[in-house]
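my_file-v3.cif (mmCIF, C-alpha atoms) appears below.
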```cif
data_upload
#
loop_
_atom_site.group_PDB
_atom_site.id
_atom_site.type_symbol
_atom_site.label_atom_id
_atom_site.label_comp_id
_atom_site.auth_asym_id
_atom_site.auth_seq_id
_atom_site.Cartn_x
_atom_site.Cartn_y
_atom_site.Cartn_z
ATOM 1 C CA MET A 17 13.602 -3.704 14.345
ATOM 2 C CA SER A 18 14.735 -6.624 12.229
ATOM 3 C CA ALA A 19 13.049 -9.401 10.284
ATOM 4 C CA GLU A 20 13.976 -12.460 8.303
ATOM 5 C CA ILE A 21 14.638 -11.378 4.713
ATOM 6 C CA LYS A 22 12.691 -13.329 2.085
ATOM 7 C CA LYS A 23 13.268 -12.703 -1.615
ATOM 8 C CA LEU A 24 11.841 -14.053 -4.857
ATOM 9 C CA SER A 25 14.309 -15.495 -7.324
ATOM 10 C CA THR A 26 14.837 -13.673 -10.613
ATOM 11 C CA LYS A 27 12.982 -16.502 -12.377
ATOM 12 C CA ALA A 28 9.988 -16.247 -10.009
ATOM 13 C CA GLN A 29 9.854 -12.454 -10.417
ATOM 14 C CA ALA A 30 9.840 -12.850 -14.203
ATOM 15 C CA ALA A 31 7.014 -15.393 -13.998
ATOM 16 C CA ALA A 32 4.997 -13.065 -11.747
ATOM 17 C CA ALA A 33 5.552 -10.156 -14.147
ATOM 18 C CA GLU A 34 4.270 -12.311 -17.037
ATOM 19 C CA ARG A 35 1.063 -13.065 -15.144
ATOM 20 C CA TYR A 36 0.520 -9.444 -14.201
ATOM 21 C CA ALA A 37 1.145 -8.299 -17.780
ATOM 22 C CA ALA A 38 -1.509 -10.753 -19.019
ATOM 23 C CA LEU A 39 -3.951 -9.521 -16.363
ATOM 24 C CA TYR A 40 -3.205 -5.901 -17.305
ATOM 25 C CA LYS A 41 -3.903 -6.624 -20.975
ATOM 26 C CA LYS A 42 -7.289 -8.185 -20.122
ATOM 27 C CA ALA A 43 -8.247 -5.193 -17.989
ATOM 28 C CA LEU A 44 -6.955 -2.505 -20.360
ATOM 29 C CA PRO A 45 -7.080 -3.983 -23.879
ATOM 30 C CA GLY A 46 -6.743 -0.591 -25.547
ATOM 31 C CA SER A 47 -3.735 0.515 -23.516
ATOM 32 C CA GLY A 48 -1.055 -1.175 -25.586
ATOM 33 C CA GLY A 49 -0.123 -3.359 -22.635
ATOM 34 C CA ILE A 50 2.658 -2.672 -20.180
ATOM 35 C CA GLU A 51 6.407 -3.119 -20.240
ATOM 36 C CA LYS A 52 7.260 -5.787 -17.695
ATOM 37 C CA SER A 53 10.048 -3.581 -16.357
ATOM 38 C CA ARG A 54 7.376 -1.085 -15.242
ATOM 39 C CA ILE A 55 5.585 -3.616 -13.054
ATOM 40 C CA GLU A 56 6.602 -3.351 -9.417
ATOM 41 C CA ILE A 57 6.535 -6.769 -7.764
ATOM 42 C CA ALA A 58 5.683 -6.109 -4.099
ATOM 43 C CA THR A 59 6.441 -9.180 -1.991
ATOM 44 C CA PHE A 60 6.221 -7.427 1.417
ATOM 45 C CA ASN A 61 9.020 -9.748 2.640
ATOM 46 C CA ARG A 62 6.506 -12.599 2.732
ATOM 47 C CA SER A 63 7.557 -14.664 -0.286
ATOM 48 C CA SER A 64 10.543 -16.735 -1.326
ATOM 49 C CA THR A 65 8.656 -18.847 -3.899
ATOM 50 C CA LEU A 66 6.145 -18.080 -6.628
ATOM 51 C CA GLU A 67 3.553 -20.186 -4.803
ATOM 52 C CA GLU A 68 3.917 -18.078 -1.652
ATOM 53 C CA PHE A 69 3.782 -14.883 -3.684
ATOM 54 C CA GLN A 70 0.535 -15.914 -5.373
ATOM 55 C CA LYS A 71 -1.061 -15.969 -1.908
ATOM 56 C CA VAL A 72 0.401 -12.709 -0.576
ATOM 57 C CA GLY A 73 1.680 -9.909 -2.799
ATOM 58 C CA LEU A 74 0.800 -7.204 -5.287
ATOM 59 C CA GLY A 75 1.714 -6.049 -8.760
ATOM 60 C CA LEU A 76 1.445 -2.373 -9.599
ATOM 61 C CA GLU A 77 2.259 0.346 -12.059
ATOM 62 C CA THR A 78 2.768 3.781 -10.577
ATOM 63 C CA VAL A 79 1.513 6.217 -13.183
ATOM 64 C CA VAL A 80 2.487 9.357 -11.304
ATOM 65 C CA ILE A 81 3.496 10.640 -7.878
ATOM 66 C CA PHE A 82 3.397 14.406 -7.443
ATOM 67 C CA ARG A 83 4.391 15.901 -4.100
ATOM 68 C CA ASP A 84 5.009 19.621 -3.717
ATOM 69 C CA GLU A 85 7.140 21.432 -1.137
ATOM 70 C CA SER A 86 4.298 21.390 1.383
ATOM 71 C CA GLY A 87 3.956 17.595 1.112
ATOM 72 C CA LEU A 88 0.669 17.829 -0.790
ATOM 73 C CA GLY A 89 -0.118 16.574 -4.294
ATOM 74 C CA HIS A 90 -1.572 13.429 -5.857
ATOM 75 C CA THR A 91 -0.808 9.876 -6.950
ATOM 76 C CA GLY A 92 -2.215 7.527 -9.590
ATOM 77 C CA LYS A 93 -1.556 3.762 -9.638
ATOM 78 C CA ILE A 94 -2.843 0.621 -11.334
ATOM 79 C CA LEU A 95 -3.015 -2.197 -8.770
ATOM 80 C CA MET A 96 -3.209 -5.892 -9.652
ATOM 81 C CA ASN A 97 -4.019 -8.945 -7.547
ATOM 82 C CA LEU A 98 -3.616 -12.435 -8.990
ATOM 83 C CA PRO A 99 -6.435 -14.923 -8.252
ATOM 84 C CA GLY A 100 -6.711 -15.380 -4.488
ATOM 85 C CA GLN A 101 -3.771 -13.030 -3.821
ATOM 86 C CA LEU A 102 -3.897 -10.822 -0.728
ATOM 87 C CA LEU A 103 -2.677 -7.245 -0.376
ATOM 88 C CA LEU A 104 -1.854 -7.258 3.340
ATOM 89 C CA GLU A 105 -3.674 -5.080 5.870
ATOM 90 C CA HIS A 106 -2.151 -1.640 6.332
ATOM 91 C CA SER A 107 -3.030 2.007 6.901
ATOM 92 C CA HIS A 108 -1.773 5.460 5.936
ATOM 93 C CA VAL A 109 -1.437 7.948 8.804
ATOM 94 C CA ASP A 110 0.032 11.416 9.348
ATOM 95 C CA THR A 111 3.831 11.387 9.455
ATOM 96 C CA PHE A 112 5.900 14.009 11.283
ATOM 97 C CA VAL A 113 9.563 14.790 10.657
ATOM 98 C CA LEU A 114 11.207 16.218 13.787
ATOM 99 C CA ARG A 115 14.517 17.804 14.590
ATOM 100 C CA LYS A 116 17.104 15.208 15.607
ATOM 101 C CA GLU A 117 17.339 16.582 19.146
ATOM 102 C CA ALA A 118 13.555 16.861 19.699
ATOM 103 C CA THR A 119 11.951 15.135 22.695
ATOM 104 C CA LEU A 120 9.472 12.540 21.447
ATOM 105 C CA PRO A 121 5.939 12.875 22.921
ATOM 106 C CA ASP A 122 4.718 9.764 24.765
ATOM 107 C CA GLU A 123 1.889 9.169 22.287
ATOM 108 C CA PHE A 124 4.281 8.968 19.331
ATOM 109 C CA ILE A 125 6.732 6.360 18.046
ATOM 110 C CA LYS A 126 9.706 6.490 15.693
ATOM 111 C CA LEU A 127 9.103 4.830 12.335
ATOM 112 C CA SER A 128 12.471 3.110 12.668
ATOM 113 C CA GLU A 129 10.951 1.230 15.639
ATOM 114 C CA LEU A 130 7.621 0.627 13.908
ATOM 115 C CA ILE A 131 8.512 -0.252 10.307
ATOM 116 C CA ASN A 132 11.105 -2.803 9.208
ATOM 117 C CA GLY A 133 13.903 -1.268 7.171
ATOM 118 C CA PHE A 134 12.809 2.354 7.585
ATOM 119 C CA ARG A 135 15.719 4.718 6.842
ATOM 120 C CA GLY A 136 13.943 8.014 6.184
ATOM 121 C CA ILE A 137 11.606 9.773 3.735
ATOM 122 C CA VAL A 138 12.810 9.070 0.202
ATOM 123 C CA GLN A 139 12.798 11.230 -2.902
ATOM 124 C CA TYR A 140 10.598 10.147 -5.819
ATOM 125 C CA ASN A 141 10.675 10.747 -9.535
ATOM 126 C CA SER A 142 7.313 11.755 -11.005
ATOM 127 C CA ASP A 143 6.786 8.197 -12.310
ATOM 128 C CA GLY A 144 6.959 6.868 -8.764
ATOM 129 C CA SER A 145 10.473 5.438 -8.953
ATOM 130 C CA VAL A 146 12.810 6.225 -6.076
ATOM 131 C CA ILE A 147 15.673 8.619 -6.841
ATOM 132 C CA CYS A 148 18.968 6.822 -6.212
ATOM 133 C CA ASP A 149 22.593 7.906 -5.972
ATOM 134 C CA PRO A 150 25.240 6.646 -8.452
ATOM 135 C CA THR A 151 25.740 3.499 -6.335
ATOM 136 C CA GLY A 152 22.037 2.618 -6.494
ATOM 137 C CA ASN A 153 21.150 3.555 -2.913
ATOM 138 C CA PRO A 154 17.959 5.567 -2.283
ATOM 139 C CA GLN A 155 18.300 9.294 -1.739
ATOM 140 C CA TYR A 156 16.445 10.623 1.290
ATOM 141 C CA ILE A 157 14.820 13.999 1.758
ATOM 142 C CA TYR A 158 14.855 13.424 5.510
ATOM 143 C CA PRO A 159 17.305 10.640 6.448
ATOM 144 C CA GLU A 160 17.021 9.112 9.917
ATOM 145 C CA THR A 161 20.669 9.975 10.512
ATOM 146 C CA ASP A 162 19.688 13.660 10.639
ATOM 147 C CA TYR A 163 16.005 13.672 11.667
ATOM 148 C CA GLN A 164 13.398 11.766 13.668
ATOM 149 C CA THR A 165 10.406 10.545 11.653
ATOM 150 C CA VAL A 166 7.414 9.681 13.840
ATOM 151 C CA GLN A 167 3.714 8.793 13.823
ATOM 152 C CA ALA A 168 1.063 8.746 16.533
ATOM 153 C CA LYS A 169 0.845 5.266 18.052
ATOM 154 C CA ASP A 170 -2.915 5.209 17.420
ATOM 155 C CA GLY A 171 -2.602 7.053 14.095
ATOM 156 C CA LEU A 172 -4.970 9.757 15.295
ATOM 157 C CA THR A 173 -3.497 11.694 18.235
ATOM 158 C CA ALA A 174 -2.696 15.313 17.397
ATOM 159 C CA TYR A 175 0.846 16.527 17.918
ATOM 160 C CA PRO A 176 1.124 18.487 21.202
ATOM 161 C CA ALA A 177 0.613 22.188 20.555
ATOM 162 C CA GLY A 178 3.441 23.074 22.920
ATOM 163 C CA GLN A 179 6.011 21.090 20.932
ATOM 164 C CA THR A 180 5.207 22.072 17.351
ATOM 165 C CA GLU A 181 8.462 24.039 17.092
ATOM 166 C CA ASP A 182 10.184 20.631 16.818
ATOM 167 C CA ILE A 183 8.301 19.775 13.598
ATOM 168 C CA VAL A 184 10.320 20.146 10.395
ATOM 169 C CA LYS A 185 7.691 18.717 8.017
ATOM 170 C CA ILE A 186 4.239 17.113 8.127
ATOM 171 C CA PHE A 187 3.219 14.544 5.518
ATOM 172 C CA PRO A 188 -0.562 13.971 5.733
ATOM 173 C CA GLY A 189 -1.766 10.363 5.698
ATOM 174 C CA LYS A 190 -2.897 9.200 2.273
ATOM 175 C CA SER A 191 -6.594 9.060 1.408
ATOM 176 C CA GLU A 192 -7.457 7.056 -1.689
ATOM 177 C CA THR A 193 -10.240 5.905 -3.970
ATOM 178 C CA PHE A 194 -10.242 2.454 -5.570
ATOM 179 C CA LYS A 195 -12.085 1.864 -8.855
ATOM 180 C CA ALA A 196 -12.296 -1.752 -10.016
ATOM 181 C CA ILE A 197 -11.938 -2.195 -13.777
ATOM 182 C CA TYR A 198 -11.481 -5.972 -14.121
ATOM 183 C CA GLY A 199 -12.387 -9.042 -12.094
ATOM 184 C CA ASP A 200 -13.501 -8.770 -8.497
ATOM 185 C CA GLY A 201 -12.424 -9.303 -4.931
ATOM 186 C CA VAL A 202 -13.035 -8.502 -1.287
ATOM 187 C CA LEU A 203 -11.950 -5.308 0.446
ATOM 188 C CA PHE A 204 -11.481 -5.611 4.212
ATOM 189 C CA ALA A 205 -12.026 -2.080 5.585
ATOM 190 C CA ASP A 206 -14.248 -0.990 8.466
ATOM 191 C CA THR A 207 -14.323 2.735 7.678
ATOM 192 C CA ALA A 208 -14.333 2.633 3.866
ATOM 193 C CA GLN A 209 -17.094 4.526 2.039
ATOM 194 C CA VAL A 210 -18.743 2.962 -1.009
ATOM 195 C CA VAL A 211 -19.042 5.934 -3.370
ATOM 196 C CA TYR A 212 -20.648 4.248 -6.381
ATOM 197 C CA THR A 213 -22.100 0.806 -7.041
ATOM 198 C CA PRO A 214 -23.317 -0.337 -10.487
ATOM 199 C CA PRO A 215 -26.975 -1.417 -10.688
ATOM 200 C CA GLY A 216 -27.612 -4.909 -9.382
ATOM 201 C CA ILE A 217 -24.506 -5.091 -7.162
ATOM 202 C CA ASN A 218 -24.750 -5.295 -3.367
ATOM 203 C CA PRO A 219 -21.326 -4.377 -1.925
ATOM 204 C CA ASP A 220 -22.227 -5.937 1.433
ATOM 205 C CA GLN A 221 -23.038 -9.326 -0.114
ATOM 206 C CA ILE A 222 -19.900 -11.429 -0.596
ATOM 207 C CA PRO A 223 -20.481 -14.104 -3.275
ATOM 208 C CA GLU A 224 -20.462 -17.631 -1.839
ATOM 209 C CA LYS A 225 -17.617 -18.627 -4.167
ATOM 210 C CA LEU A 226 -15.327 -16.128 -2.393
ATOM 211 C CA LEU A 227 -16.234 -16.995 1.206
ATOM 212 C CA PRO A 228 -13.766 -19.918 1.509
ATOM 213 C CA LEU A 229 -10.969 -17.566 0.401
ATOM 214 C CA THR A 230 -11.945 -14.908 2.953
ATOM 215 C CA GLU A 231 -12.101 -17.506 5.727
ATOM 216 C CA GLU A 232 -8.677 -18.820 4.757
ATOM 217 C CA VAL A 233 -6.961 -15.425 4.846
ATOM 218 C CA ARG A 234 -8.589 -14.520 8.159
ATOM 219 C CA ASN A 235 -7.225 -17.735 9.632
ATOM 220 C CA GLU A 236 -3.738 -17.384 8.147
ATOM 221 C CA GLN A 237 -3.014 -13.643 7.897
ATOM 222 C CA ALA A 238 -2.946 -10.626 10.212
ATOM 223 C CA ILE A 239 -6.334 -9.021 9.509
ATOM 224 C CA THR A 240 -8.112 -7.036 12.226
ATOM 225 C CA THR A 241 -10.906 -5.414 10.202
ATOM 226 C CA LYS A 242 -14.421 -6.879 10.482
ATOM 227 C CA ARG A 243 -16.266 -5.379 7.511
ATOM 228 C CA MET A 244 -15.956 -6.968 4.083
ATOM 229 C CA ILE A 245 -16.915 -5.139 0.874
ATOM 230 C CA TYR A 246 -17.435 -6.891 -2.448
ATOM 231 C CA LEU A 247 -15.485 -4.910 -5.047
ATOM 232 C CA THR A 248 -16.313 -5.558 -8.671
ATOM 233 C CA GLN A 249 -16.054 -3.775 -12.015
ATOM 234 C CA GLY A 250 -17.301 -0.188 -11.970
ATOM 235 C CA MET A 251 -17.382 0.232 -8.186
ATOM 236 C CA ASN A 252 -15.730 3.210 -6.491
ATOM 237 C CA VAL A 253 -14.689 2.974 -2.833
ATOM 238 C CA LEU A 254 -13.125 5.764 -0.764
ATOM 239 C CA LEU A 255 -10.652 4.982 2.002
ATOM 240 C CA PRO A 256 -10.016 7.982 4.270
ATOM 241 C CA LYS A 257 -6.591 8.286 5.865
ATOM 242 C CA ASN A 258 -5.912 5.937 8.809
ATOM 243 C CA THR A 259 -8.303 3.345 7.348
ATOM 244 C CA ARG A 260 -6.933 -0.135 7.942
ATOM 245 C CA HIS A 261 -7.519 -2.121 4.777
ATOM 246 C CA ALA A 262 -6.568 -5.299 2.946
ATOM 247 C CA PHE A 263 -7.669 -6.586 -0.460
ATOM 248 C CA LEU A 264 -8.173 -10.151 -1.657
ATOM 249 C CA GLY A 265 -8.289 -10.896 -5.382
ATOM 250 C CA GLY A 266 -11.197 -13.003 -6.632
ATOM 251 C CA LEU A 267 -11.060 -16.226 -8.642
ATOM 252 C CA ASN A 268 -10.019 -14.387 -11.825
ATOM 253 C CA GLY A 269 -7.866 -11.809 -10.087
ATOM 254 C CA CYS A 270 -8.618 -8.098 -9.978
ATOM 255 C CA VAL A 271 -7.277 -4.902 -11.488
ATOM 256 C CA TYR A 272 -8.225 -1.608 -9.889
ATOM 257 C CA LEU A 273 -7.200 2.011 -10.165
ATOM 258 C CA GLU A 274 -5.984 4.074 -7.238
ATOM 259 C CA PHE A 275 -6.493 7.835 -7.135
ATOM 260 C CA SER A 276 -4.967 9.332 -4.012
ATOM 261 C CA THR A 277 -3.144 12.061 -2.217
ATOM 262 C CA PRO A 278 0.658 11.569 -2.400
ATOM 263 C CA SER A 279 2.071 8.098 -1.809
ATOM 264 C CA MET A 280 4.775 7.512 0.748
ATOM 265 C CA ASP A 281 5.056 3.725 0.735
ATOM 266 C CA GLU A 282 7.981 3.717 3.134
ATOM 267 C CA ALA A 283 5.690 5.082 5.897
ATOM 268 C CA ASP A 284 2.777 2.632 5.424
ATOM 269 C CA ARG A 285 1.857 0.800 8.651
ATOM 270 C CA TYR A 286 1.290 -2.942 8.197
ATOM 271 C CA THR A 287 -0.463 -5.086 10.782
ATOM 272 C CA ASP A 288 1.917 -7.974 10.034
ATOM 273 C CA LYS A 289 5.211 -6.900 11.649
ATOM 274 C CA ARG A 290 7.260 -9.096 9.287
ATOM 275 C CA VAL A 291 6.516 -6.781 6.356
ATOM 276 C CA ILE A 292 9.265 -4.831 4.645
ATOM 277 C CA ARG A 293 7.937 -2.485 1.969
#
```

Rewritten as structure tokens:
Amino acid sequence: MSAEIKKLSTKAQAAAAERYAALYKKALPGSGGIEKSRIEIATFNRSSTLEEFQKVGLGLETVVIFRDESGLGHTGKILMNLPGQLLLEHSHVDTFVLRKEATLPDEFIKLSELINGFRGIVQYNSDGSVICDPTGNPQYIYPETDYQTVQAKDGLTAYPAGQTEDIVKIFPGKSETFKAIYGDGVLFADTAQVVYTPPGINPDQIPEKLLPLTEEVRNEQAITTKRMIYLTQGMNVLLPKNTRHAFLGGLNGCVYLEFSTPSMDEADRYTDKRVIR
């Protein structure tokens, strides 16, 4: 699988980092701010200009990724959307690492055929940065040169019981909880569960001021989910694994916390096939 490569210039990345740092400071005034070098600028291969990035992209700080030998653990992130900026629709599903010579079941697909740029399961430092070799290339726990990394085509089908001897490792799909701490926005997610709503807030009522933005992204972006949830300060929303979801920042942007099982960004499934994560 290949895709046109789109990159932000160094100047545009610096400008985006400045805007995220200002948003971070508004949301977390007692935190001491954030070093701009710690802000990951996620363009998803959809932006070559700052204007394009302000429509589709994400800024984030990974606080911690912990993943033990069994593939279990936890992750904490601070996610930031600029005003009107969309985090593209994606889902987190169970990932299976197979022996290189294993026969692939019909209901499964290799991630190298599903995800642009997939080269294997990478190794992370505890702060969420990818461990690299001396030349700056990512180090892989399970490189595609030596293993097959696969997911069910529908994200749900169980691996055939008669072929489990081919499985080297299972990485469960990520489940996560979002907690909004600044601004607001719209979460597109059919199977999300609203865990807590502050008094006076109706999560199923999208403010009229945000409806033109939601209509625009539905017309322009790859979004398949029907339900829209209004996410504002204090709300907690749970997204079980294999929940397709996208998030649109409101008129003042949005900052929200993510508490989850371990992240494995390289295995996220995006609806828009142009994405490279």

Exercise for the section: Do a neighbour search on segment 88-92 of chain A at 9 Å with only C-alpha atoms, toss out local chain neighbours closer than 6 positions, and write the hits as a PyMOL selection string. Expected result: chain A and resi 77-82+144+187-188+192+273-279

Got a sec to resolve the PyMOL selection byres ((chain A and resi 116) around 7) on this structure and send the residues as a PDB file with C-alpha atoms, in the frame of the given file?
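Result went into part-v9.pdb, see below:
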```
ATOM      1  CA  LEU A 114      11.207  16.218  13.787  1.00  0.00           C
ATOM      2  CA  ARG A 115      14.517  17.804  14.590  1.00  0.00           C
ATOM      3  CA  GLU A 117      17.339  16.582  19.146  1.00  0.00           C
ATOM      4  CA  ALA A 118      13.555  16.861  19.699  1.00  0.00           C
ATOM      5  CA  ASP A 162      19.688  13.660  10.639  1.00  0.00           C
ATOM      6  CA  TYR A 163      16.005  13.672  11.667  1.00  0.00           C
ATOM      7  CA  GLN A 164      13.398  11.766  13.668  1.00  0.00           C
TER       8      GLN A 164
END
```

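Excluding Cys270 of chain A itself and same-chain residues fewer than 2 positions from it, the residues having an atom within 8 Å of it are Met96, Asn97, Leu98, Pro99, Ala196, Ile197, Tyr198, Gly199, Asp200, Gly201, Gly265, Gly266, Asn268 and Tyr272 of chain A, counting only C-alpha atoms.
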
Written file, previous selection with C-alpha atoms, as an mmCIF file, in the coordinates of the input:
```cif
data_model
loop_
_atom_site.group_PDB
_atom_site.id
_atom_site.type_symbol
_atom_site.label_atom_id
_atom_site.label_comp_id
_atom_site.auth_asym_id
_atom_site.auth_seq_id
_atom_site.Cartn_x
_atom_site.Cartn_y
_atom_site.Cartn_z
ATOM 1 C CA MET A 96 -3.209 -5.892 -9.652
ATOM 2 C CA ASN A 97 -4.019 -8.945 -7.547
ATOM 3 C CA LEU A 98 -3.616 -12.435 -8.990
ATOM 4 C CA PRO A 99 -6.435 -14.923 -8.252
ATOM 5 C CA ALA A 196 -12.296 -1.752 -10.016
ATOM 6 C CA ILE A 197 -11.938 -2.195 -13.777
ATOM 7 C CA TYR A 198 -11.481 -5.972 -14.121
ATOM 8 C CA GLY A 199 -12.387 -9.042 -12.094
ATOM 9 C CA ASP A 200 -13.501 -8.770 -8.497
ATOM 10 C CA GLY A 201 -12.424 -9.303 -4.931
ATOM 11 C CA GLY A 265 -8.289 -10.896 -5.382
ATOM 12 C CA GLY A 266 -11.197 -13.003 -6.632
ATOM 13 C CA ASN A 268 -10.019 -14.387 -11.825
ATOM 14 C CA TYR A 272 -8.225 -1.608 -9.889
#
```

Taking only C-alpha atoms into account, produce a table as JSON lines in which each residue of segment 162-212 of chain A with an atom at most 10 Å from an atom of segment 235-257 of chain A appears once, together with its shortest atom pair and the distance in Å to one decimal, ordered by chain and rising number.
```
{"residue": "A:Gly171", "atom": "CA", "partner": "A:Lys257", "partner_atom": "CA", "distance": 9.2}
{"residue": "A:Leu172", "atom": "CA", "partner": "A:Lys257", "partner_atom": "CA", "distance": 9.7}
{"residue": "A:Pro188", "atom": "CA", "partner": "A:Lys257", "partner_atom": "CA", "distance": 8.3}
{"residue": "A:Gly189", "atom": "CA", "partner": "A:Lys257", "partner_atom": "CA", "distance": 5.3}
{"residue": "A:Lys190", "atom": "CA", "partner": "A:Lys257", "partner_atom": "CA", "distance": 5.2}
{"residue": "A:Ser191", "atom": "CA", "partner": "A:Lys257", "partner_atom": "CA", "distance": 4.5}
{"residue": "A:Glu192", "atom": "CA", "partner": "A:Leu255", "partner_atom": "CA", "distance": 5.3}
{"residue": "A:Thr193", "atom": "CA", "partner": "A:Leu254", "partner_atom": "CA", "distance": 4.3}
{"residue": "A:Phe194", "atom": "CA", "partner": "A:Val253", "partner_atom": "CA", "distance": 5.2}
{"residue": "A:Lys195", "atom": "CA", "partner": "A:Asn252", "partner_atom": "CA", "distance": 4.5}
{"residue": "A:Ala196", "atom": "CA", "partner": "A:Gln249", "partner_atom": "CA", "distance": 4.7}
{"residue": "A:Ile197", "atom": "CA", "partner": "A:Gln249", "partner_atom": "CA", "distance": 4.7}
{"residue": "A:Tyr198", "atom": "CA", "partner": "A:Gln249", "partner_atom": "CA", "distance": 5.5}
{"residue": "A:Gly199", "atom": "CA", "partner": "A:Thr248", "partner_atom": "CA", "distance": 6.3}
{"residue": "A:Asp200", "atom": "CA", "partner": "A:Thr248", "partner_atom": "CA", "distance": 4.3}
{"residue": "A:Gly201", "atom": "CA", "partner": "A:Leu247", "partner_atom": "CA", "distance": 5.4}
{"residue": "A:Val202", "atom": "CA", "partner": "A:Tyr246", "partner_atom": "CA", "distance": 4.8}
{"residue": "A:Leu203", "atom": "CA", "partner": "A:Ile245", "partner_atom": "CA", "distance": 5.0}
{"residue": "A:Phe204", "atom": "CA", "partner": "A:Met244", "partner_atom": "CA", "distance": 4.7}
{"residue": "A:Ala205", "atom": "CA", "partner": "A:Arg243", "partner_atom": "CA", "distance": 5.7}
{"residue": "A:Asp206", "atom": "CA", "partner": "A:Arg243", "partner_atom": "CA", "distance": 4.9}
{"residue": "A:Thr207", "atom": "CA", "partner": "A:Leu255", "partner_atom": "CA", "distance": 7.1}
{"residue": "A:Ala208", "atom": "CA", "partner": "A:Leu255", "partner_atom": "CA", "distance": 4.7}
{"residue": "A:Gln209", "atom": "CA", "partner": "A:Leu254", "partner_atom": "CA", "distance": 5.0}
{"residue": "A:Val210", "atom": "CA", "partner": "A:Val253", "partner_atom": "CA", "distance": 4.4}
{"residue": "A:Val211", "atom": "CA", "partner": "A:Val253", "partner_atom": "CA", "distance": 5.3}
{"residue": "A:Tyr212", "atom": "CA", "partner": "A:Asn252", "partner_atom": "CA", "distance": 5.0}
```

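Taking all atoms listed in the file into account, Tyr175 of chain A lies nearest to A:Pro121 out of the set A:Pro154, A:Pro223, A:Pro121, A:Gly46.
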
Practice task
Give the answer as one residue: which of A:Arg35, A:Lys42, A:Arg62, A:Lys52 has the shortest atom-to-atom distance to Arg290 of chain A, using all atoms listed in the file?
Solution key: A:Arg62

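Using the PyMOL selection byres ((chain A and resi 180) around 12) on the file at hand returns these residues: A:Phe112, A:Val113, A:Leu114, A:Arg115, A:Ala118, A:Thr119, A:Leu120, A:Pro121, A:Ala174, A:Tyr175, A:Pro176, A:Ala177, A:Gly178, A:Gln179, A:Glu181, A:Asp182, A:Ile183, A:Val184, A:Lys185, A:Ile186.
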
Handout entry: Top pick for closest residue to Leu130 of chain A, considering A:Leu229, A:Ile55, A:Val166, A:Ala31 and counting all atoms listed in the file
Key = A:Val166

Put the listed atoms of segment 271-286 of chain A in a box along x, y and z with 5 Å added on every side and give me the centre and edge lengths in Å to one decimal, as JSON.
```
{"center_x": -0.1, "center_y": 3.6, "center_z": -1.4, "size_x": 26.2, "size_y": 27.0, "size_z": 30.1}
```

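Near segment 157-159 of chain A, within a cut-off of 6 Å and counting all atoms listed in the file, sit the residues Gly136, Ile137, Val138, Gln139 and Asp162 of chain A, with same-chain residues fewer than 3 positions away left out.
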
Exercise for the section: Considering only C-alpha atoms, return as JSON, numbers by chain whatever protein or nucleic-acid residues lie within 7 Å of Leu76 of chain A, sequence-local ones (same chain, fewer than 4 positions apart) excluded. Expected result: {"A": [55, 56, 57, 93, 94, 95, 96]}

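Our summary of the geometry notes that atom CA of Val109 of chain A is positioned 4.9 Å from atom CA of Asn258 of chain A.
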
Practice task
Considering all atoms listed in the file, state which residue in the set A:Ile131, A:Glu67, A:Thr111, A:Asp143 is at the smallest distance from Arg54 of chain A.
Solution key: A:Asp143

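Counting all atoms listed in the file, the residue from A:Ile217, A:Ile50, A:Ala32, A:Leu226 that sits nearest to Glu68 of chain A is A:Ala32.
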
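This file, filtered with the PyMOL selection byres ((chain A and resi 282) around 10), gives the residues A:Leu127, A:Ile131, A:Asn132, A:Gly133, A:Phe134, A:Arg135, A:Gly136, A:Ile137, A:Val138, A:Ser279, A:Met280, A:Asp281, A:Ala283, A:Asp284, A:Arg285, A:Ile292, A:Arg293.
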